[in-house]
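protein14.cif, holding mmCIF, C-alpha atoms:
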```cif
data_my_file
loop_
_atom_site.group_PDB
_atom_site.id
_atom_site.type_symbol
_atom_site.label_atom_id
_atom_site.label_comp_id
_atom_site.auth_asym_id
_atom_site.auth_seq_id
_atom_site.Cartn_x
_atom_site.Cartn_y
_atom_site.Cartn_z
ATOM 1 C CA CYS B 1 0.000 0.000 0.000
ATOM 2 C CA ILE B 2 1.352 3.397 -0.982
ATOM 3 C CA ILE B 3 -0.247 6.541 0.359
ATOM 4 C CA GLU B 4 0.802 9.998 -0.793
ATOM 5 C CA LYS B 5 0.647 12.888 1.623
ATOM 6 C CA GLU B 6 2.262 16.285 1.119
ATOM 7 C CA SER B 7 4.311 15.028 -1.872
ATOM 8 C CA GLU B 8 5.802 12.130 0.113
ATOM 9 C CA LEU B 9 4.934 8.486 -0.499
ATOM 10 C CA TYR B 10 4.414 6.295 2.557
ATOM 11 C CA VAL B 11 4.824 2.558 1.944
ATOM 12 C CA PHE B 12 3.004 0.035 4.121
ATOM 13 C CA ALA B 13 3.973 -3.570 3.409
ATOM 14 C CA LYS B 14 2.618 -6.845 4.754
ATOM 15 C CA PHE B 15 4.018 -10.274 3.916
ATOM 16 C CA TRP B 16 2.550 -13.766 4.296
ATOM 17 C CA LEU B 17 4.296 -17.103 4.877
ATOM 18 C CA PRO B 18 2.800 -20.602 5.305
ATOM 19 C CA SER B 19 3.012 -21.536 8.988
ATOM 20 C CA GLU B 20 4.588 -24.965 8.351
ATOM 21 C CA ARG B 21 7.443 -23.311 6.463
ATOM 22 C CA ILE B 22 8.645 -20.730 8.977
ATOM 23 C CA GLU B 23 11.422 -22.870 10.464
ATOM 24 C CA GLU B 24 12.660 -23.899 7.014
ATOM 25 C CA ALA B 25 12.551 -20.282 5.792
ATOM 26 C CA THR B 26 14.354 -19.023 8.899
ATOM 27 C CA ALA B 27 17.179 -21.540 8.411
ATOM 28 C CA ARG B 28 17.379 -21.048 4.633
ATOM 29 C CA ASP B 29 17.237 -17.235 4.613
ATOM 30 C CA ASN B 30 18.966 -16.617 7.948
ATOM 31 C CA LEU B 31 16.254 -14.090 8.809
ATOM 32 C CA PRO B 32 14.310 -13.692 12.093
ATOM 33 C CA TYR B 33 10.861 -14.440 10.674
ATOM 34 C CA ASN B 34 9.389 -14.969 14.162
ATOM 35 C CA ILE B 35 10.376 -11.402 15.031
ATOM 36 C CA TYR B 36 8.785 -10.138 11.810
ATOM 37 C CA VAL B 37 5.580 -11.928 12.839
ATOM 38 C CA GLN B 38 5.720 -10.306 16.303
ATOM 39 C CA ARG B 39 6.275 -6.860 14.769
ATOM 40 C CA GLY B 40 3.322 -7.321 12.406
ATOM 41 C CA PHE B 41 5.271 -7.262 9.126
ATOM 42 C CA LEU B 42 4.699 -10.956 8.439
ATOM 43 C CA GLN B 43 1.551 -13.009 8.923
ATOM 44 C CA LEU B 44 1.526 -16.784 9.025
ATOM 45 C CA SER B 45 -1.113 -18.050 6.637
ATOM 46 C CA GLY B 46 -2.219 -21.564 5.769
ATOM 47 C CA ALA B 47 -0.127 -24.631 6.504
ATOM 48 C CA ASN B 48 1.969 -25.267 3.379
ATOM 49 C CA VAL B 49 0.589 -22.657 0.997
ATOM 50 C CA ILE B 50 -0.616 -19.133 1.639
ATOM 51 C CA ASN B 51 -4.345 -18.855 2.217
ATOM 52 C CA TYR B 52 -5.292 -15.893 0.035
ATOM 53 C CA GLN B 53 -8.359 -15.341 2.186
ATOM 54 C CA ASP B 54 -5.929 -13.913 4.766
ATOM 55 C CA CYS B 55 -4.679 -11.391 2.178
ATOM 56 C CA TYR B 56 -8.254 -10.520 1.249
ATOM 57 C CA ASP B 57 -9.182 -10.080 4.919
ATOM 58 C CA TYR B 58 -6.163 -7.818 5.494
ATOM 59 C CA ILE B 59 -7.067 -5.536 2.571
ATOM 60 C CA THR B 60 -10.781 -5.387 3.325
ATOM 61 C CA ASN B 61 -10.104 -4.773 7.031
ATOM 62 C CA ILE B 62 -7.958 -1.757 6.115
ATOM 63 C CA ILE B 63 -10.777 -0.470 3.926
ATOM 64 C CA ASN B 64 -13.465 -1.042 6.549
ATOM 65 C CA HIS B 65 -11.502 -0.006 9.651
ATOM 66 C CA TYR B 66 -9.547 2.995 8.359
ATOM 67 C CA HIS B 67 -11.922 3.988 5.559
ATOM 68 C CA LEU B 68 -9.006 3.895 3.115
ATOM 69 C CA TYR B 69 -10.341 2.994 -0.291
ATOM 70 C CA PRO B 70 -7.676 1.876 -2.750
ATOM 71 C CA LEU B 71 -8.104 3.612 -6.063
ATOM 72 C CA ARG B 72 -6.351 0.700 -7.769
ATOM 73 C CA VAL B 73 -5.031 -2.635 -6.616
ATOM 74 C CA MET B 74 -2.085 -3.443 -8.863
ATOM 75 C CA TYR B 75 -0.903 -7.032 -8.887
ATOM 76 C CA ASP B 76 1.461 -9.493 -10.487
ATOM 77 C CA ARG B 77 -0.829 -11.942 -12.261
ATOM 78 C CA TYR B 78 1.369 -14.937 -11.414
ATOM 79 C CA SER B 79 -0.830 -16.583 -8.768
ATOM 80 C CA ALA B 80 -3.325 -14.046 -7.494
ATOM 81 C CA GLN B 81 -6.407 -14.823 -9.591
ATOM 82 C CA TYR B 82 -8.720 -15.937 -6.770
ATOM 83 C CA LEU B 83 -7.693 -13.012 -4.573
ATOM 84 C CA ILE B 84 -8.252 -10.550 -7.413
ATOM 85 C CA LYS B 85 -11.700 -11.947 -8.237
ATOM 86 C CA ASP B 86 -12.686 -11.616 -4.571
ATOM 87 C CA LEU B 87 -11.349 -8.045 -4.360
ATOM 88 C CA GLU B 88 -13.232 -7.095 -7.517
ATOM 89 C CA SER B 89 -16.408 -8.590 -6.039
ATOM 90 C CA PHE B 90 -15.776 -6.440 -2.957
ATOM 91 C CA GLY B 91 -15.645 -3.375 -5.224
ATOM 92 C CA CYS B 92 -11.925 -2.792 -5.720
ATOM 93 C CA LEU B 93 -10.605 -1.731 -9.113
ATOM 94 C CA THR B 94 -7.694 -3.973 -10.089
ATOM 95 C CA ASP B 95 -5.084 -4.104 -12.829
ATOM 96 C CA ASP B 96 -2.275 -6.506 -13.525
ATOM 97 C CA CYS B 97 1.312 -5.432 -13.907
ATOM 98 C CA THR B 98 3.550 -7.656 -16.001
ATOM 99 C CA GLN B 99 6.999 -8.110 -14.518
ATOM 100 C CA GLY B 100 10.026 -7.380 -16.732
ATOM 101 C CA PHE B 101 11.624 -4.566 -18.689
ATOM 102 C CA ASN B 102 8.271 -2.796 -19.054
ATOM 103 C CA MET B 103 8.646 -1.784 -15.380
ATOM 104 C CA THR B 104 11.367 0.752 -16.295
ATOM 105 C CA PRO B 105 9.211 3.890 -15.827
ATOM 106 C CA GLY B 106 8.070 2.793 -12.344
ATOM 107 C CA ILE B 107 11.615 1.869 -11.363
ATOM 108 C CA ALA B 108 12.938 5.230 -12.593
ATOM 109 C CA GLU B 109 10.299 7.195 -10.665
ATOM 110 C CA PHE B 110 10.908 5.171 -7.495
ATOM 111 C CA GLU B 111 14.670 5.700 -7.797
ATOM 112 C CA GLY B 112 14.227 9.441 -8.253
ATOM 113 C CA MET B 113 11.851 9.742 -5.316
ATOM 114 C CA ILE B 114 14.225 7.739 -3.085
ATOM 115 C CA LYS B 115 17.089 10.077 -4.049
ATOM 116 C CA ASP B 116 14.855 13.079 -3.297
ATOM 117 C CA GLY B 117 13.927 11.638 0.120
ATOM 118 C CA ARG B 118 10.245 11.419 -0.831
ATOM 119 C CA ILE B 119 9.663 7.731 0.006
ATOM 120 C CA ASP B 120 9.123 6.597 3.580
ATOM 121 C CA ILE B 121 9.092 2.837 4.244
ATOM 122 C CA GLY B 122 8.960 3.209 8.010
ATOM 123 C CA ASP B 123 10.683 0.638 10.191
ATOM 124 C CA ASN B 124 9.677 -2.465 8.227
ATOM 125 C CA ASP B 125 12.910 -4.459 8.362
ATOM 126 C CA LEU B 126 11.511 -7.261 6.201
ATOM 127 C CA LEU B 127 10.708 -4.776 3.434
ATOM 128 C CA LYS B 128 14.230 -3.374 3.786
ATOM 129 C CA VAL B 129 15.606 -6.886 3.176
ATOM 130 C CA HIS B 130 13.546 -7.146 -0.022
ATOM 131 C CA LEU B 131 14.844 -3.761 -1.202
ATOM 132 C CA LEU B 132 18.452 -4.721 -0.461
ATOM 133 C CA ASN B 133 18.054 -8.056 -2.300
ATOM 134 C CA ALA B 134 17.005 -6.324 -5.528
ATOM 135 C CA ALA B 135 19.251 -5.290 -8.373
ATOM 136 C CA LEU B 136 18.613 -3.921 -11.837
ATOM 137 C CA LYS B 137 19.427 -5.708 -15.065
ATOM 138 C CA MET B 138 19.787 -3.506 -18.127
ATOM 139 C CA GLU B 139 18.485 -4.624 -21.503
ATOM 140 C CA SER B 140 21.434 -4.772 -23.893
ATOM 141 C CA GLN B 141 19.984 -2.663 -26.742
ATOM 142 C CA THR B 142 18.045 -0.063 -24.742
ATOM 143 C CA GLU B 143 18.046 1.878 -21.497
ATOM 144 C CA ARG B 144 15.273 -0.328 -20.090
ATOM 145 C CA VAL B 145 15.814 -2.138 -16.789
ATOM 146 C CA LYS B 146 14.083 -4.839 -14.799
ATOM 147 C CA LEU B 147 14.250 -6.050 -11.223
ATOM 148 C CA VAL B 148 16.338 -9.129 -10.517
ATOM 149 C CA LYS B 149 17.434 -10.941 -7.384
ATOM 150 C CA ILE B 150 21.043 -10.459 -6.330
ATOM 151 C CA SER B 151 21.115 -14.137 -5.385
ATOM 152 C CA GLN B 152 18.840 -16.982 -6.549
ATOM 153 C CA THR B 153 17.518 -17.550 -3.012
ATOM 154 C CA ASP B 154 16.801 -13.874 -2.287
ATOM 155 C CA HIS B 155 13.287 -12.472 -1.993
ATOM 156 C CA ILE B 156 12.327 -9.238 -3.771
ATOM 157 C CA ASP B 157 8.524 -9.475 -3.741
ATOM 158 C CA GLY B 158 8.192 -6.373 -1.556
ATOM 159 C CA MET B 159 10.295 -4.331 -3.975
ATOM 160 C CA ALA B 160 8.314 -5.657 -6.954
ATOM 161 C CA ALA B 161 5.045 -4.734 -5.210
ATOM 162 C CA ILE B 162 6.248 -1.158 -4.702
ATOM 163 C CA ILE B 163 7.156 -0.894 -8.387
ATOM 164 C CA ASP B 164 3.752 -2.352 -9.343
ATOM 165 C CA ALA B 165 2.142 0.410 -7.265
ATOM 166 C CA MET B 166 4.361 3.048 -8.887
ATOM 167 C CA ILE B 167 3.349 1.809 -12.342
ATOM 168 C CA GLY B 168 -0.327 1.961 -11.365
ATOM 169 C CA ARG B 169 0.204 5.473 -10.041
ATOM 170 C CA GLN B 170 1.721 6.542 -13.360
ATOM 171 C CA LYS B 171 -0.818 4.687 -15.499
ATOM 172 C CA TYR B 172 -3.853 6.174 -13.748
ATOM 173 C CA TRP B 173 -2.481 9.607 -12.801
ATOM 174 C CA ALA B 174 -4.635 11.477 -15.355
ATOM 175 C CA GLU B 175 -7.740 9.721 -14.029
ATOM 176 C CA ASP B 176 -6.946 9.474 -10.307
ATOM 177 C CA GLY B 177 -4.141 11.989 -9.701
ATOM 178 C CA GLN B 178 -5.989 14.456 -7.511
ATOM 179 C CA ARG B 179 -7.423 11.660 -5.364
ATOM 180 C CA LEU B 180 -3.992 10.017 -5.043
ATOM 181 C CA GLN B 181 -2.528 13.073 -3.352
ATOM 182 C CA ASN B 182 -4.525 12.833 -0.098
ATOM 183 C CA MET B 183 -4.184 16.537 0.547
ATOM 184 C CA ARG B 184 -6.432 16.551 3.610
#
```

Spit out the file's structure as structure tokens when you get a sec.
Amino acid sequence: CIIEKESELYVFAKFWLPSERIEEATARDNLPYNIYVQRGFLQLSGANVINYQDCYDYITNIINHYHLYPLRVMYDRYSAQYLIKDLESFGCLTDDCTQGFNMTPGIAEFEGMIKDGRIDIGDNDLLKVHLLNAALKMESQTERVKLVKISQTDHIDGMAAIIDAMIGRQKYWAEDGQRLQNMR
């Protein structure tokens, strides 16, 4: 979730992990996943696969509790179809964002806003790990770039989600721009 206020973007990230895989993930990634759960950055979901109902509940609870209505829910179409159908039934507008070199404009805007100090990710250490695990690969014939993992076992989903949101922000600015600014 990205919220703009006074020309600064605030990033709120939540991650999910199957409960039966936390010990394996902790050993493999050498990360304190139990601490991330305690701090609210990570939610255990399902036994061996993520229960997307938990993701749906998280999003709809934000909408209902805080009265924050997402103008767009951008997503990577890889495995989110059931979640997206449920969110659309709830009333959310959704759009897919294909991963790859087409993400260059979102990456460039994010990079510029980071350099300008206009992105605030708070104290989410798990999101910081995802940002630090990401690198850019340049297409040989053009200036286009795409996100890649520094190492095969790294996780960059949080970084990719931010770029998806940036692309949605750019794509729908003419239609939603004034409402995206949250001036009040």

Between CA of Ala13 in chain B and CA of Gly100 in chain B, distance in Å (one decimal):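 Between these atoms lies a distance of 21.4 Å.
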
Considering all atoms listed in the file, can you say which of B:Val145, B:Ile62, B:Met103, B:Ala165 comes closest to Glu4 in chain B? B:Ala165

Residue with the minimum atom-to-atom distance to Lys85 in chain B, picked from B:Tyr52, B:Phe101, B:Tyr33, B:Phe15 with only C-alpha atoms counted, is B:Tyr52

For range 155-164 of chain B, work out the shell of residues within 7 Å, counting all atoms listed in the file and skipping chain neighbours fewer than 5 positions away, then give it as a count of residues only. 11

List the residues matched by the PyMOL selection byres ((chain B and resi 29) around 12) in the displayed structure as a list in words, ordered by chain and then by residue number.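 For this structure, the PyMOL selection byres ((chain B and resi 29) around 12) captures Arg21, Ile22, Glu23, Glu24, Ala25, Thr26, Ala27, Arg28, Asn30, Leu31, Pro32, Tyr33, Leu126, Val129, His130, Asn133, Ser151, Gln152, Thr153, Asp154 and His155 of chain B.
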
Between B:Phe90, B:Trp173, B:Ile121, B:His67, single out the one closest to Lys14 in chain B, counting all atoms listed in the file. B:Ile121

Leaving out Tyr36 in chain B and any residue of its chain fewer than 5 positions from it, which residues lie within 9 Å of it when counting only C-alpha atoms, given as a list in words?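 The contact residues come out as Leu31, Phe41, Leu42, Gln43, Asn124, Asp125 and Leu126 of chain B.
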
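Counting from CA of Asp57 in chain B, the distance to CA of Ile167 in chain B is 24.4 Å.
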
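Using only C-alpha atoms, the smallest distance between any of B:Val148, B:Val49, B:Cys1, B:Ala174 and Gln99 in chain B comes from B:Val148.
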
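One distance worth recording is that between CA of Leu147 in chain B and CA of Phe110 in chain B, which is 12.3 Å.
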
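For Asp120 in chain B, the list of residues within 8 Å, based on all atoms listed in the file and with local chain neighbours fewer than 3 positions off taken out, reads Glu8, Leu9, Tyr10, Val11 and Gly117 of chain B.
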
Pick out the closest residue to Tyr56 in chain B from this set: B:Tyr82, B:Phe12, B:Tyr69, B:Tyr172. Count all atoms listed in the file. B:Tyr82

Taking only C-alpha atoms into account, which of B:Pro18, B:Ile3, B:Asn61, B:Gly168 comes nearest Ser45 in chain B?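 Once distances to Ser45 in chain B are computed over only C-alpha atoms, the minimum belongs to B:Pro18.
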
Run the PyMOL selection byres ((chain B and resi 72) around 7) mentally over the shown coordinates, then write out the matched residues as a ChimeraX atom specification, using the chain letters and numbers from the document. /B:70-71,73-74,92-94

When you get a chance, write out N, CA and C atoms for range 35-56 of chain B, as a short mmCIF file (atom, residue, chain, number, x, y, z; two decimals), keeping the file's coordinate frame.
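Output (selection-v7.cif):
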```cif
data_model
loop_
_atom_site.label_atom_id
_atom_site.label_comp_id
_atom_site.auth_asym_id
_atom_site.auth_seq_id
_atom_site.Cartn_x
_atom_site.Cartn_y
_atom_site.Cartn_z
N ILE B 35 10.39 -12.81 14.60
CA ILE B 35 10.38 -11.40 15.03
C ILE B 35 9.52 -10.57 14.07
N TYR B 36 9.62 -10.86 12.78
CA TYR B 36 8.78 -10.14 11.81
C TYR B 36 7.30 -10.40 12.06
N VAL B 37 6.97 -11.61 12.48
CA VAL B 37 5.58 -11.93 12.84
C VAL B 37 5.17 -11.09 14.04
N GLN B 38 6.02 -11.07 15.09
CA GLN B 38 5.72 -10.31 16.30
C GLN B 38 5.54 -8.82 16.01
N ARG B 39 6.33 -8.29 15.09
CA ARG B 39 6.28 -6.86 14.77
C ARG B 39 5.15 -6.53 13.79
N GLY B 40 4.46 -7.55 13.27
CA GLY B 40 3.32 -7.32 12.41
C GLY B 40 3.65 -7.16 10.93
N PHE B 41 4.89 -7.38 10.53
CA PHE B 41 5.27 -7.26 9.13
C PHE B 41 4.95 -8.53 8.35
N LEU B 42 4.90 -9.65 9.05
CA LEU B 42 4.70 -10.96 8.44
C LEU B 42 3.55 -11.65 9.14
N GLN B 43 2.67 -12.25 8.35
CA GLN B 43 1.55 -13.01 8.92
C GLN B 43 1.66 -14.45 8.45
N LEU B 44 1.56 -15.37 9.39
CA LEU B 44 1.53 -16.78 9.02
C LEU B 44 0.16 -17.08 8.46
N SER B 45 0.13 -17.84 7.37
CA SER B 45 -1.11 -18.05 6.64
C SER B 45 -1.11 -19.44 6.02
N GLY B 46 -2.14 -20.22 6.32
CA GLY B 46 -2.22 -21.56 5.77
C GLY B 46 -1.13 -22.45 6.36
N ALA B 47 -1.14 -23.70 5.99
CA ALA B 47 -0.13 -24.63 6.50
C ALA B 47 1.08 -24.68 5.57
N ASN B 48 0.86 -25.12 4.33
CA ASN B 48 1.97 -25.27 3.38
C ASN B 48 1.88 -24.32 2.19
N VAL B 49 0.75 -23.70 2.02
CA VAL B 49 0.59 -22.66 1.00
C VAL B 49 -0.17 -21.50 1.63
N ILE B 50 0.06 -20.31 1.11
CA ILE B 50 -0.62 -19.13 1.64
C ILE B 50 -2.11 -19.22 1.35
N ASN B 51 -2.90 -18.93 2.36
CA ASN B 51 -4.34 -18.86 2.22
C ASN B 51 -4.67 -17.42 1.79
N TYR B 52 -5.05 -17.24 0.54
CA TYR B 52 -5.29 -15.89 0.04
C TYR B 52 -6.48 -15.21 0.69
N GLN B 53 -7.29 -15.96 1.41
CA GLN B 53 -8.36 -15.34 2.19
C GLN B 53 -7.77 -14.41 3.25
N ASP B 54 -6.60 -14.77 3.79
CA ASP B 54 -5.93 -13.91 4.77
C ASP B 54 -5.52 -12.59 4.13
N CYS B 55 -5.04 -12.62 2.89
CA CYS B 55 -4.68 -11.39 2.18
C CYS B 55 -5.93 -10.54 1.93
N TYR B 56 -6.98 -11.20 1.49
CA TYR B 56 -8.25 -10.52 1.25
C TYR B 56 -8.76 -9.86 2.54
#
```
